[in-house]
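A.B. asks: Handing over data.txt, compact mmCIF, C-alpha atoms.
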# COMPACT_ATOMS: atom_id res chain seq x y z
CA MET W 19 -80.41 -52.33 9.20
CA GLY W 20 -81.56 -48.74 9.80
CA TYR W 21 -78.97 -48.34 12.54
CA ALA W 22 -76.19 -49.61 10.24
CA LEU W 23 -77.25 -47.35 7.35
CA ARG W 24 -77.42 -44.32 9.65
CA ARG W 25 -73.93 -45.02 10.98
CA ALA W 26 -72.59 -45.56 7.44
CA GLY W 27 -74.07 -42.22 6.35
CA GLN W 28 -72.44 -40.44 9.29
CA ALA W 29 -69.12 -42.10 8.43
CA ALA W 30 -69.37 -40.86 4.82
CA ILE W 31 -70.05 -37.28 6.04
CA VAL W 32 -67.02 -37.42 8.35
CA LEU W 33 -64.85 -38.66 5.47
CA ILE W 34 -65.95 -35.85 3.13
CA ALA W 35 -65.41 -33.27 5.90
CA ALA W 36 -61.89 -34.62 6.53
CA PHE W 37 -61.11 -34.45 2.80
CA THR W 38 -62.40 -30.87 2.53
CA ALA W 39 -60.55 -29.63 5.63
CA THR W 40 -57.31 -31.25 4.44
CA PHE W 41 -57.64 -29.78 0.96
CA LEU W 42 -58.23 -26.25 2.27
CA LEU W 43 -55.40 -26.43 4.83
CA LEU W 44 -52.92 -27.74 2.26
CA GLN W 45 -53.89 -24.93 -0.11
CA LEU W 46 -52.88 -22.44 2.59
CA LEU W 47 -49.30 -23.74 2.67
CA PRO W 48 -46.80 -21.11 1.45
CA GLY W 49 -44.90 -21.77 -1.78
CA ASP W 50 -45.66 -23.91 -4.84
CA ALA W 51 -44.13 -27.39 -4.94
CA ILE W 52 -44.30 -27.54 -8.77
CA LEU W 53 -42.49 -24.22 -9.17
CA ILE W 54 -39.94 -25.15 -6.50
CA LYS W 55 -39.08 -28.35 -8.37
CA PHE W 56 -39.27 -27.28 -12.03
CA GLU W 57 -37.97 -23.69 -11.83
CA SER W 58 -34.52 -24.96 -10.89
CA PRO W 59 -31.93 -23.56 -13.36
CA GLU W 60 -30.38 -27.04 -13.60
CA LEU W 61 -33.47 -28.31 -15.44
CA GLY W 62 -33.39 -25.47 -18.00
CA LEU W 63 -37.19 -25.45 -18.55
CA SER W 64 -38.80 -22.48 -20.27
CA PRO W 65 -41.76 -20.61 -18.69
CA GLU W 66 -44.07 -22.17 -21.31
CA GLN W 67 -42.93 -25.68 -20.39
CA ILE W 68 -43.44 -24.96 -16.68
CA ALA W 69 -46.92 -23.62 -17.47
CA ASP W 70 -47.69 -26.86 -19.34
CA ILE W 71 -46.56 -28.88 -16.32
CA ARG W 72 -48.77 -26.80 -14.01
CA ALA W 73 -51.69 -27.42 -16.38
CA LEU W 74 -50.90 -31.16 -16.34
CA TYR W 75 -51.18 -31.21 -12.53
CA GLY W 76 -54.32 -29.02 -12.64
CA ALA W 77 -52.63 -26.19 -10.70
CA ASP W 78 -53.57 -23.46 -13.22
CA VAL W 79 -57.30 -23.37 -12.43
CA PRO W 80 -59.17 -21.73 -9.51
CA VAL W 81 -59.14 -23.48 -6.14
CA TRP W 82 -62.81 -24.49 -6.29
CA GLN W 83 -62.22 -26.24 -9.63
CA GLN W 84 -59.18 -28.00 -8.18
CA TYR W 85 -61.35 -29.13 -5.24
CA LEU W 86 -64.09 -30.57 -7.45
CA HIS W 87 -61.54 -32.20 -9.77
CA THR W 88 -59.66 -33.76 -6.83
CA LEU W 89 -62.86 -34.90 -5.09
CA GLY W 90 -64.12 -36.48 -8.32
CA GLY W 91 -60.79 -38.26 -8.74
CA TYR W 92 -60.94 -39.67 -5.20
CA VAL W 93 -64.48 -40.93 -5.80
CA ARG W 94 -63.19 -42.76 -8.91
CA GLY W 95 -60.15 -44.08 -7.03
CA ASP W 96 -57.71 -41.68 -8.75
CA PHE W 97 -55.52 -39.95 -6.13
CA GLY W 98 -53.47 -38.05 -8.74
CA TYR W 99 -49.69 -37.94 -9.20
CA SER W 100 -46.89 -37.00 -6.84
CA SER W 101 -45.49 -33.57 -7.70
CA GLN W 102 -42.05 -34.72 -6.51
CA TYR W 103 -41.71 -38.16 -8.12
CA GLY W 104 -44.33 -38.06 -10.88
CA THR W 105 -45.60 -41.43 -9.69
CA GLU W 106 -49.22 -42.29 -8.95
CA VAL W 107 -50.05 -41.45 -5.33
CA LEU W 108 -51.94 -44.71 -4.93
CA ARG W 109 -48.86 -46.67 -6.00
CA LEU W 110 -46.63 -44.81 -3.50
CA ILE W 111 -49.13 -45.46 -0.71
CA ALA W 112 -49.62 -49.10 -1.74
CA ASP W 113 -45.85 -49.67 -1.65
CA ALA W 114 -45.47 -48.08 1.80
CA LEU W 115 -48.68 -49.35 3.42
CA PRO W 116 -47.80 -53.02 4.19
CA ALA W 117 -44.83 -52.12 6.42
CA THR W 118 -46.85 -49.52 8.34
CA ALA W 119 -49.91 -51.78 8.59
CA ALA W 120 -47.79 -54.56 10.10
CA LEU W 121 -46.20 -52.14 12.56
CA ALA W 122 -49.56 -50.58 13.52
CA ALA W 123 -51.37 -53.92 13.88
CA LEU W 124 -48.65 -55.45 16.04
CA GLY W 125 -48.30 -52.23 18.05
CA PHE W 126 -52.02 -52.11 18.77
CA GLY W 127 -52.10 -55.82 19.65
CA VAL W 128 -49.24 -55.47 22.12
CA ALA W 129 -50.84 -52.30 23.53
CA ALA W 130 -54.13 -54.16 24.11
CA LEU W 131 -52.33 -57.03 25.86
CA LEU W 132 -50.33 -54.62 28.00
CA ALA W 133 -53.44 -52.63 28.94
CA GLY W 134 -55.36 -55.82 29.82
CA ALA W 135 -52.47 -57.11 31.95
CA ILE W 136 -52.22 -53.80 33.86
CA ALA W 137 -56.00 -53.63 34.43
CA PHE W 138 -56.45 -57.22 35.59
CA LEU W 139 -53.29 -57.37 37.71
CA SER W 140 -54.09 -54.03 39.37
CA THR W 141 -57.47 -55.51 40.33
CA LEU W 142 -56.32 -58.95 41.52
CA ALA W 143 -52.84 -58.19 42.95
CA PRO W 144 -52.59 -59.31 46.61
CA PHE W 145 -50.89 -56.18 47.99
CA ALA W 146 -52.29 -52.65 48.05
CA TRP W 147 -48.91 -51.09 47.23
CA LEU W 148 -48.58 -53.35 44.19
CA ARG W 149 -52.07 -52.46 42.96
CA GLY W 150 -51.27 -48.78 43.42
CA ALA W 151 -47.98 -49.12 41.52
CA LEU W 152 -49.67 -50.90 38.63
CA ARG W 153 -52.39 -48.24 38.44
CA ALA W 154 -49.69 -45.54 38.23
CA LEU W 155 -48.09 -47.12 35.15
CA PRO W 156 -50.57 -45.70 32.57
CA GLY W 157 -49.87 -42.16 33.80
CA LEU W 158 -46.15 -42.81 33.34
CA PHE W 159 -46.59 -44.41 29.90
CA VAL W 160 -48.74 -41.62 28.48
CA SER W 161 -46.20 -38.96 29.50
CA VAL W 162 -43.29 -40.64 27.68
CA PRO W 163 -42.53 -39.03 24.28
CA VAL W 164 -42.47 -41.60 21.46
CA PHE W 165 -39.14 -40.45 20.01
CA TRP W 166 -37.48 -40.49 23.47
CA LEU W 167 -38.78 -43.99 24.19
CA GLY W 168 -37.49 -45.26 20.83
CA ILE W 169 -34.02 -43.84 21.44
CA LEU W 170 -34.02 -45.26 25.00
CA LEU W 171 -34.96 -48.75 23.77
CA ILE W 172 -32.20 -48.62 21.14
CA GLN W 173 -29.63 -47.56 23.75
CA VAL W 174 -30.64 -50.25 26.26
CA PHE W 175 -31.55 -53.32 24.18
CA SER W 176 -29.37 -52.78 21.10
CA PHE W 177 -26.25 -50.92 22.16
CA GLY W 178 -26.27 -51.87 25.88
CA LEU W 179 -27.50 -55.47 26.14
CA GLY W 180 -27.10 -56.43 22.47
CA TRP W 181 -30.36 -58.42 22.51
CA VAL W 182 -31.92 -56.83 19.40
CA PRO W 183 -29.63 -55.75 16.52
CA ILE W 184 -30.47 -52.34 15.13
CA VAL W 185 -28.47 -52.89 11.91
CA GLY W 186 -28.77 -55.99 9.72
CA ALA W 187 -31.66 -57.50 11.73
CA ASP W 188 -34.06 -59.98 10.12
CA PRO W 189 -37.63 -58.72 9.44
CA VAL W 190 -39.03 -60.15 12.70
CA ALA W 191 -36.25 -58.82 14.96
CA ALA W 192 -36.44 -55.43 13.22
CA LEU W 193 -40.06 -55.09 14.38
CA VAL W 194 -39.48 -55.72 18.10
CA LEU W 195 -38.31 -52.30 19.24
CA PRO W 196 -40.56 -50.25 16.89
CA VAL W 197 -43.60 -52.24 18.07
CA LEU W 198 -42.72 -51.61 21.73
CA THR W 199 -42.14 -47.93 21.02
CA LEU W 200 -45.57 -47.63 19.43
CA ALA W 201 -47.41 -49.87 21.93
CA VAL W 202 -46.40 -48.32 25.25
CA PRO W 203 -48.02 -44.85 24.80
CA ILE W 204 -51.11 -46.39 23.14
CA SER W 205 -51.61 -48.82 26.05
CA ALA W 206 -51.86 -46.01 28.64
CA PRO W 207 -55.35 -44.62 27.81
CA LEU W 208 -56.62 -48.15 27.12
CA ALA W 209 -55.49 -49.28 30.61
CA GLN W 210 -56.89 -46.16 32.31
CA VAL W 211 -60.34 -46.59 30.77
CA LEU W 212 -60.37 -50.35 31.43
CA VAL W 213 -59.33 -49.97 35.10
CA ARG W 214 -61.99 -47.30 35.71
CA SER W 215 -64.65 -49.37 33.93
CA ILE W 216 -63.78 -52.50 35.93
CA ASP W 217 -64.04 -50.53 39.19
CA GLU W 218 -67.50 -49.23 38.22
CA VAL W 219 -68.83 -52.62 37.13
CA ARG W 220 -67.56 -54.36 40.28
CA LEU W 221 -69.72 -51.98 42.38
CA GLN W 222 -72.95 -52.81 40.55
CA PRO W 223 -75.64 -54.84 42.36
CA PHE W 224 -75.25 -57.96 40.18
CA ALA W 225 -71.59 -58.23 41.26
CA THR W 226 -72.66 -58.15 44.92
CA VAL W 227 -75.15 -60.96 44.24
CA VAL W 228 -72.47 -63.07 42.52
CA ARG W 229 -70.11 -62.58 45.49
CA ALA W 230 -72.90 -63.54 47.91
CA LYS W 231 -73.23 -66.83 46.04
CA GLY W 232 -69.62 -67.62 46.87
CA ALA W 233 -67.78 -66.57 43.70
CA SER W 234 -64.16 -65.48 44.07
CA GLU W 235 -62.93 -62.09 42.85
CA SER W 236 -61.00 -63.69 39.96
CA TRP W 237 -64.05 -65.73 38.83
CA LEU W 238 -66.22 -62.60 39.06
CA LEU W 239 -63.69 -60.58 37.05
CA TRP W 240 -63.20 -63.08 34.23
CA ARG W 241 -66.79 -64.39 33.92
CA SER W 242 -68.97 -61.34 34.66
CA VAL W 243 -67.11 -58.04 34.98
CA ALA W 244 -64.77 -58.20 31.97
CA ARG W 245 -67.51 -58.44 29.33
CA ASN W 246 -69.40 -55.47 30.76
CA ALA W 247 -66.25 -53.39 31.30
CA ILE W 248 -64.87 -53.82 27.78
CA LEU W 249 -67.47 -51.64 25.99
CA PRO W 250 -66.00 -48.22 27.03
CA THR W 251 -62.55 -49.61 26.17
CA LEU W 252 -63.73 -50.42 22.64
CA THR W 253 -64.72 -46.78 22.16
CA ILE W 254 -61.33 -45.42 23.19
CA ALA W 255 -59.61 -48.17 21.16
CA GLY W 256 -61.37 -46.94 18.02
CA VAL W 257 -60.16 -43.39 18.69
CA LEU W 258 -56.60 -44.54 19.41
CA LEU W 259 -56.36 -46.45 16.15
CA GLY W 260 -56.43 -43.09 14.40
CA GLU W 261 -53.33 -42.08 16.38
CA LEU W 262 -51.37 -45.08 15.15
CA ILE W 263 -50.55 -43.34 11.85
CA GLY W 264 -49.22 -40.30 13.73
CA GLY W 265 -47.22 -42.52 16.07
CA ALA W 266 -45.90 -44.52 13.12
CA VAL W 267 -44.49 -41.33 11.54
CA VAL W 268 -42.23 -40.72 14.54
CA THR W 269 -41.43 -44.39 15.12
CA GLU W 270 -40.45 -45.07 11.49
CA THR W 271 -38.30 -41.94 11.47
CA VAL W 272 -36.45 -42.94 14.67
CA PHE W 273 -35.81 -46.51 13.46
CA GLY W 274 -35.24 -45.61 9.79
CA ARG W 275 -38.07 -47.87 8.60
CA ALA W 276 -39.74 -47.50 5.21
CA GLY W 277 -43.50 -46.95 5.39
CA ILE W 278 -46.27 -44.38 5.49
CA GLY W 279 -44.39 -42.45 8.16
CA ARG W 280 -41.27 -42.08 6.02
CA LEU W 281 -43.45 -41.21 2.99
CA THR W 282 -45.23 -38.51 5.04
CA GLU W 283 -41.95 -37.05 6.23
CA GLN W 284 -40.64 -36.80 2.66
CA ALA W 285 -43.94 -35.35 1.39
CA VAL W 286 -43.88 -32.62 4.06
CA ALA W 287 -40.25 -31.76 3.28
CA ASN W 288 -41.00 -31.51 -0.47
CA GLN W 289 -44.47 -29.91 -0.12
CA ASP W 290 -45.85 -32.82 -2.12
CA ILE W 291 -49.50 -31.91 -1.66
CA PRO W 292 -51.10 -34.81 -3.64
CA VAL W 293 -49.22 -37.35 -1.50
CA LEU W 294 -50.07 -35.54 1.76
CA GLN W 295 -53.72 -35.36 0.72
CA GLY W 296 -53.76 -39.08 -0.05
CA ILE W 297 -52.15 -40.02 3.27
CA VAL W 298 -54.53 -37.88 5.31
CA VAL W 299 -57.56 -39.31 3.49
CA LEU W 300 -56.20 -42.82 4.05
CA ALA W 301 -55.79 -42.11 7.79
CA ALA W 302 -59.30 -40.64 7.95
CA LEU W 303 -60.71 -43.64 6.07
CA SER W 304 -59.07 -46.12 8.46
CA PHE W 305 -60.31 -44.07 11.44
CA VAL W 306 -63.86 -43.95 10.08
CA VAL W 307 -63.96 -47.64 9.18
CA VAL W 308 -62.66 -48.73 12.59
CA ASN W 309 -65.12 -46.53 14.48
CA LEU W 310 -67.97 -47.71 12.24
CA ALA W 311 -67.02 -51.30 13.05
CA VAL W 312 -66.97 -50.46 16.78
CA ASP W 313 -70.43 -48.84 16.54
CA LEU W 314 -71.83 -51.88 14.74
CA LEU W 315 -70.20 -54.20 17.29
CA TYR W 316 -71.85 -52.53 20.27
CA PRO W 317 -75.32 -54.13 19.86
CA VAL W 318 -73.67 -57.52 19.35
CA LEU W 319 -71.78 -57.32 22.66
CA ASP W 320 -74.49 -55.60 24.72
CA PRO W 321 -78.01 -57.08 24.40
CA ARG W 322 -79.42 -54.03 26.23
CA LEU W 323 -78.71 -51.87 23.15
CA ARG W 324 -80.67 -54.27 20.91
CA LEU W 325 -83.60 -54.21 23.35
CA SER W 326 -83.45 -50.40 23.48
CA ALA W 327 -83.58 -50.17 19.67
CA ARG W 328 -86.56 -52.58 19.53
CA ARG W 329 -88.43 -50.63 22.20
CA THR W 330 -87.84 -47.41 20.26
CA ARG W 331 -89.24 -48.96 17.07
CA VAL W 332 -92.26 -50.35 18.94
CA ARG W 333 -92.93 -47.09 20.76
CA LEU W 334 -92.95 -44.88 17.65
CA PRO W 335 -96.37 -45.98 16.17
CA ALA W 336 -98.01 -45.65 19.60
CA THR W 337 -96.68 -42.11 19.94
CA THR W 338 -97.99 -41.22 16.46
CA SER W 339 -101.48 -42.56 17.22
CA GLU W 340 -101.54 -40.63 20.46
CA VAL W 341 -100.72 -37.44 18.61
CA THR W 342 -103.42 -38.18 15.98
CA ALA W 343 -106.04 -38.82 18.68
Is it possible to express this structure as structure tokens?
C.D. replies:
Amino acid sequence: MGYALRRAGQAAIVLIAAFTATFLLLQLLPGDAILIKFESPELGLSPEQIADIRALYGADVPVWQQYLHTLGGYVRGDFGYSSQYGTEVLRLIADALPATAALAALGFGVAALLAGAIAFLSTLAPFAWLRGALRALPGLFVSVPVFWLGILLIQVFSFGLGWVPIVGADPVAALVLPVLTLAVPISAPLAQVLVRSIDEVRLQPFATVVRAKGASESWLLWRSVARNAILPTLTIAGVLLGELIGGAVVTETVFGRAGIGRLTEQAVANQDIPVLQGIVVLAALSFVVVNLAVDLLYPVLDPRLRLSARRTRVRLPATTSEVTA
């Protein structure tokens, strides 16, 4: 319980730091989105009316008061109102989130399957040249720009082969190419870490003992090596989940999909600071929650961590008595 509370406290500190850094950086942006929108001569608003609108959005007070007001609102679940649309930020995010969540979840699932296939096939493939080629794939995948890959997939599978329609596709077919576009770059670091971890675990003494008892390489990999090799991969998977939002921005723009990516693009173009702040905090929250879940999962998967924690708790009173004596 102490371990879980300590990790939860660290996660809360990271979340507050992310909120503060985002708030300060967005305040440094040149221009004023409220003035840009409401000073237009077409609207015919007087200076007094514009001043009232600025007061409504809380933009007429010092920055530190804006920070405390915004932070208090986030604690209460009030993300404010969009300066461009006048709609609640939470409603805009809630409308856009399901499409992006589906894209990100499927993209990460396909990336994990692709990384696992590369790692296991590069270990068990019968020919050295084939194992070498498979191990070179992650380096190729990670160097491919997301927007270029999306355009290439559209050219090949939609316009060239006609397998996946890019216009008028049903919801399932419309996800195929965006999911592949998002999954390929994410799978590269997962595969690299998993391959390296498998190589290290296969050299440990227990693997030699299992081989001496007559186990095949495939049996050793699936029954003994995989479970020990997956822990470093979980760590990098937690970090990569934070990149899914960034990858979704480009992917949704290339494929013209509605979601958090499209909302972010429009918020940047319109300098809609409340929406940008809400999206960044949402991304930080998802990153923190995923990494907290990974940290809490470690002791479940690796009994050595539970034993280490118990030994630490047992050793502490002895150390205190020694100091007292």
A.B. asks: Mind giving me the straight-line distance from CA of Glu270 in chain W to CA of Leu132 in chain W in Å, one decimal?
C.D. replies: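 Taking CA of Glu270 in chain W as the start and CA of Leu132 in chain W as the end point, the length is 21.5 Å.
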A.B. asks: Rank nothing, just name the residue among W:Ile71, W:Val164, W:Leu171, W:Val190 nearest to Val268 in chain W, using only C-alpha atoms.
C.D. replies: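 Between W:Ile71, W:Val164, W:Leu171, W:Val190, the residue approaching Val268 in chain W most closely is W:Val164.
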A.B. asks: Work out how far CA of Ala135 in chain W is from CA of Arg229 in chain W, in Å to one decimal.
C.D. replies: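 Calculated distance between CA of Arg229 in chain W and CA of Ala135 in chain W is 22.9 Å.
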A.B. asks: For Gly91 in chain W, list every protein, DNA or RNA residue within 12 Å, evaluated using only C-alpha atoms, and leave out those in the same chain fewer than 5 positions away; present the list as a list of chain:residue names.
C.D. replies: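 Residues meeting the cut-off are W:Gly76, W:Gln84, W:Tyr85, W:Leu86, W:Asp96, W:Phe97, W:Gly98, W:Tyr99, W:Val107, W:Leu108, W:Pro292, W:Gly296.
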A.B. asks: Go through range 58-143 of chain W and flag each residue having an atom no more than 9 Å from range 216-223 of chain W; for those, report the closest pair of atoms plus their distance in Å to one decimal, using only C-alpha atoms, ordered by chain and rising number, as JSON lines.
C.D. replies:
{"residue": "W:Ala137", "atom": "CA", "partner": "W:Ile216", "partner_atom": "CA", "distance": 8.0}
{"residue": "W:Phe138", "atom": "CA", "partner": "W:Ile216", "partner_atom": "CA", "distance": 8.7}
{"residue": "W:Thr141", "atom": "CA", "partner": "W:Ile216", "partner_atom": "CA", "distance": 8.3}
A.B. asks: Taking 3 positions as the minimum chain separation for residues in the same chain, which residues sit within 10 Å of Leu262 in chain W when counting all atoms listed in the file? Answer as a list in words.
C.D. replies: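 Using all atoms listed in the file, the neighbours found are Thr118, Ala119, Leu121, Ala122, Ala123, Gly125, Phe126, Leu200, Ala201, Ile204, Val257, Leu258, Leu259, Gly265, Ala266, Val267, Thr269, Ala301 and Phe305 of chain W.
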A.B. asks: So how many Å separate CA of Ala36 in chain W and CA of Val93 in chain W, to one decimal?
C.D. replies: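 CA of Ala36 in chain W sits 14.1 Å away from CA of Val93 in chain W.
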A.B. asks: Using 12 Å as the limit and counting all atoms listed in the file, can you tabulate each residue of range 173-212 of chain W that touches range 112-117 of chain W, with its shortest atom-to-atom distance in Å and the two atoms involved, as a tab-separated table?
C.D. replies:
residue	atom	partner	partner_atom	distance
W:Pro189	CA	W:Ala117	CA	10.2
W:Val190	CA	W:Ala117	CA	11.7
W:Ala192	CA	W:Ala117	CA	11.3
W:Leu193	CA	W:Ala117	CA	9.7
W:Pro196	CA	W:Ala117	CA	11.5
W:Val197	CA	W:Ala117	CA	11.7
A.B. asks: Which of these residues is nearest to Val306 in chain W, using all atoms listed in the file: W:Thr88, W:Gln28, W:Thr226, W:Gln284?
C.D. replies: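 Answer, going by the shortest atom-to-atom distance: W:Gln28.
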A.B. asks: Find the spatial neighbours of Ile172 in chain W, counting all atoms listed in the file, within a cut-off of 9 Å - ignore same-chain residues fewer than 6 positions away - and output them as a PyMOL selection string.
C.D. replies: chain W and resi 178+182-184+195+273
A.B. asks: Rank nothing, just name the residue among W:Ile52, W:Leu155, W:Ala35, W:Leu170 nearest to Gln102 in chain W, using only C-alpha atoms.
C.D. replies: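 With only C-alpha atoms as the atom set, the closest residue is W:Ile52.
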A.B. asks: Which residue gives the smallest distance to His87 in chain W among W:Thr282, W:Phe177, W:Ile248, W:Tyr75, with all atoms listed in the file counted?
C.D. replies: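 Smallest distance to His87 in chain W is found for W:Tyr75.
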A.B. asks: Can you pull out the residues contacting Leu152 in chain W? Cut-off 12 Å, using all atoms listed in the file, and skip same-chain residues under 6 positions away; I want them as a list in words.
C.D. replies: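 Skipping anything fewer than 6 positions along the chain leaves Leu132, Ala133, Gly134, Ala135, Ile136, Ala137, Phe138, Leu139, Ser140, Thr141, Leu142, Ala143, Pro144, Phe145, Ala146, Leu158, Phe159, Ala206, Ala209, Gln210 and Val213 of chain W.
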A.B. asks: I need the residues from that last selection saved to file as a compact mmCIF listing (two decimals), in the frame of the given file (with C-alpha atoms), if you can.
C.D. replies:
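Saved as out.txt:
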# COMPACT_ATOMS: atom_id res chain seq x y z
CA LEU W 132 -50.33 -54.62 28.00
CA ALA W 133 -53.44 -52.63 28.94
CA GLY W 134 -55.36 -55.82 29.82
CA ALA W 135 -52.47 -57.11 31.95
CA ILE W 136 -52.22 -53.80 33.86
CA ALA W 137 -56.00 -53.63 34.43
CA PHE W 138 -56.45 -57.22 35.59
CA LEU W 139 -53.29 -57.37 37.71
CA SER W 140 -54.09 -54.03 39.37
CA THR W 141 -57.47 -55.51 40.33
CA LEU W 142 -56.32 -58.95 41.52
CA ALA W 143 -52.84 -58.19 42.95
CA PRO W 144 -52.59 -59.31 46.61
CA PHE W 145 -50.89 -56.18 47.99
CA ALA W 146 -52.29 -52.65 48.05
CA LEU W 158 -46.15 -42.81 33.34
CA PHE W 159 -46.59 -44.41 29.90
CA ALA W 206 -51.86 -46.01 28.64
CA ALA W 209 -55.49 -49.28 30.61
CA GLN W 210 -56.89 -46.16 32.31
CA VAL W 213 -59.33 -49.97 35.10
A.B. asks: Which polymer residues, protein or nucleic acid, are no farther than 12 Å from (-68.2, -39.5, 9.3), counting all atoms listed in the file, as a list in words?
C.D. replies: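 Residues satisfying the cut-off, written out: Arg24, Arg25, Ala26, Gly27, Gln28, Ala29, Ala30, Ile31, Val32, Leu33, Ile34, Ala35, Ala36, Phe37, Ala302, Leu303, Ser304, Phe305, Val306, Val307, Val308, Asn309 and Leu310 of chain W.
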A.B. asks: Which residue is closest to Leu47 in chain W? Choose from W:Val299, W:Trp147, W:Asp290, W:Val318 and count only C-alpha atoms.
C.D. replies: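 Among the listed residues, W:Asp290 lies closest to Leu47 in chain W.
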A.B. asks: Measuring between all atoms listed in the file, which one of W:Val194, W:Pro317, W:Val293, W:Gln67 shows the shortest distance to Tyr103 in chain W?
C.D. replies: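 Result for the nearest residue to Tyr103 in chain W: W:Val293.
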